[in-house]
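Novice: Got a structure for you, written out below as structure tokens; questions coming shortly.
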Amino acid sequence: MTNTDSLENLRNYLNESATMTADSQLRNYVKTSRLALAGGGGPLSVDLAQAQSYIGKEVGLTTWFRVSQKRVNRFAEATGDFQFNQPDRASVLHENCYTGTIAHGMLVMSLLPTFATHGTLKIHGTRQNIIYGMDKVRFLNPVRIGSRLRGRFTLLSAMERGANEVLLRHSVVIEIEGESKPALMTDWLVVSVL
């Protein structure tokens, strides 16, 4: 990807985030750009008619993201969830079935908006994307500290909810590098306000 392409991707991203302040847009883009799509490039962006042709297809796969002990500790501090199997390695070795500390399942789930920034299909002309919810959340495999995760997104539906809204449903699989069983699976719902 050339510098011109990168600048054009940034310009398009900022234009499609029109309701955010420029500083907020830039901060969000820069902080999440290290989680770009695998293979480079920006998120898939199409008009509503084109979106229908992507239903049932994979639309995004992010690059890998490492889960550090520092992140787990900060999550525990922010949420007040200090379960022994997350921040305290000494207790873990004696008190649970894992061979080391693991990340909170809710921390893994909280990474979805970051992965979705680059992994979900976008509708041209969107003024704002609003998280509508998740369906069928399943925590399938513990995430050990130091593991790397990535998000894999498949578009399930793109339904008009009104003159200026489209409800996008993506199937999301949060994969763990080197493991056949994913950390998490869910349906991710976002309303795109046009």
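Ordered as shown in the structure tokens, chains take letters A, B, and onward, while each chain numbers its residues from 1 and ligands are numbered from 1 in the order shown.
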Give me the residues within 6 Å of stretch 139-155 of chain A as an mmCIF file with C-alpha atoms, in the first residue's frame, counting only C-alpha atoms and dropping any in the same chain fewer than 6 places off.

Specialist:
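Written out: out-v9.cif:
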data_model
loop_
_atom_site.group_PDB
_atom_site.id
_atom_site.type_symbol
_atom_site.label_atom_id
_atom_site.label_comp_id
_atom_site.auth_asym_id
_atom_site.auth_seq_id
_atom_site.Cartn_x
_atom_site.Cartn_y
_atom_site.Cartn_z
ATOM 1 C CA ILE A 55 -24.197 -11.789 3.116
ATOM 2 C CA GLY A 56 -22.758 -15.108 4.216
ATOM 3 C CA LYS A 57 -19.215 -14.100 3.266
ATOM 4 C CA GLU A 58 -16.182 -13.253 5.364
ATOM 5 C CA VAL A 59 -15.695 -9.476 5.223
ATOM 6 C CA GLY A 60 -12.778 -8.948 7.585
ATOM 7 C CA LEU A 61 -9.921 -10.624 9.418
ATOM 8 C CA THR A 62 -7.847 -8.421 11.735
ATOM 9 C CA THR A 63 -4.167 -8.709 12.517
ATOM 10 C CA TRP A 64 -3.080 -10.374 15.751
ATOM 11 C CA PHE A 65 -3.388 -8.582 19.118
ATOM 12 C CA ARG A 66 -1.397 -9.709 22.184
ATOM 13 C CA VAL A 67 -3.105 -9.985 25.583
ATOM 14 C CA SER A 68 -0.562 -8.936 28.220
ATOM 15 C CA GLN A 69 -0.602 -9.358 31.992
ATOM 16 C CA ILE A 102 -5.903 -16.262 31.984
ATOM 17 C CA ALA A 103 -7.669 -13.165 30.738
ATOM 18 C CA PHE A 115 -11.617 -5.460 16.220
ATOM 19 C CA GLY A 119 -13.118 -6.055 10.584
ATOM 20 C CA HIS A 170 -21.869 -9.931 11.697
ATOM 21 C CA SER A 171 -20.853 -13.328 12.991
ATOM 22 C CA VAL A 172 -17.636 -12.808 14.971
ATOM 23 C CA VAL A 173 -15.059 -15.390 15.946
ATOM 24 C CA ILE A 174 -12.212 -14.270 18.218
ATOM 25 C CA GLU A 175 -9.421 -16.696 17.386
ATOM 26 C CA ILE A 176 -6.424 -17.627 19.531
ATOM 27 C CA GLU A 177 -3.188 -18.008 17.620
ATOM 28 C CA ALA A 183 -11.859 -17.814 22.540
ATOM 29 C CA LEU A 184 -15.266 -16.361 21.768
#

Novice: Using only C-alpha atoms, determine which residues lie at most 12 Å from A:Ala51, disregarding the query and same-chain residues fewer than 6 positions distant; provide the list as JSON, numbers by chain.

Specialist: {"A": [44, 45, 57, 58, 59, 120, 121, 122, 123, 124, 154, 155, 156, 157, 158, 159, 160, 166, 167, 168, 169, 170]}

Novice: Can I get the selection written as a PDB file, in the first residue's frame, with C-alpha atoms?

Specialist:
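Dumped everything to selection_13.pdb:
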ATOM      1  CA  LEU A  44     -14.551  -3.119   3.392  1.00  0.00           C
ATOM      2  CA  SER A  45     -16.825  -0.177   2.537  1.00  0.00           C
ATOM      3  CA  LYS A  57     -19.215 -14.100   3.266  1.00  0.00           C
ATOM      4  CA  GLU A  58     -16.182 -13.253   5.364  1.00  0.00           C
ATOM      5  CA  VAL A  59     -15.695  -9.476   5.223  1.00  0.00           C
ATOM      6  CA  THR A 120     -16.747  -5.222   9.877  1.00  0.00           C
ATOM      7  CA  LEU A 121     -18.306  -4.201   6.594  1.00  0.00           C
ATOM      8  CA  LYS A 122     -19.079  -0.461   6.440  1.00  0.00           C
ATOM      9  CA  ILE A 123     -21.909   1.237   4.519  1.00  0.00           C
ATOM     10  CA  HIS A 124     -20.920   4.283   2.403  1.00  0.00           C
ATOM     11  CA  THR A 154     -18.750 -12.677   8.415  1.00  0.00           C
ATOM     12  CA  LEU A 155     -21.714 -10.540   7.344  1.00  0.00           C
ATOM     13  CA  LEU A 156     -24.989 -12.281   8.234  1.00  0.00           C
ATOM     14  CA  SER A 157     -27.471  -9.561   7.270  1.00  0.00           C
ATOM     15  CA  ALA A 158     -27.887  -5.915   6.298  1.00  0.00           C
ATOM     16  CA  MET A 159     -31.475  -4.802   6.914  1.00  0.00           C
ATOM     17  CA  GLU A 160     -32.980  -1.367   6.457  1.00  0.00           C
ATOM     18  CA  VAL A 166     -29.307  -0.078   8.456  1.00  0.00           C
ATOM     19  CA  LEU A 167     -28.926  -2.899  10.979  1.00  0.00           C
ATOM     20  CA  LEU A 168     -25.768  -4.895  10.242  1.00  0.00           C
ATOM     21  CA  ARG A 169     -25.307  -8.322  11.820  1.00  0.00           C
ATOM     22  CA  HIS A 170     -21.869  -9.931  11.697  1.00  0.00           C
TER      23      HIS A 170
END

Novice: What is the atom CA of A:Phe82 to atom CA of A:Lys136 distance in Å?

Specialist: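 Going from atom CA of A:Phe82 over to atom CA of A:Lys136, I get 25.8 Å.
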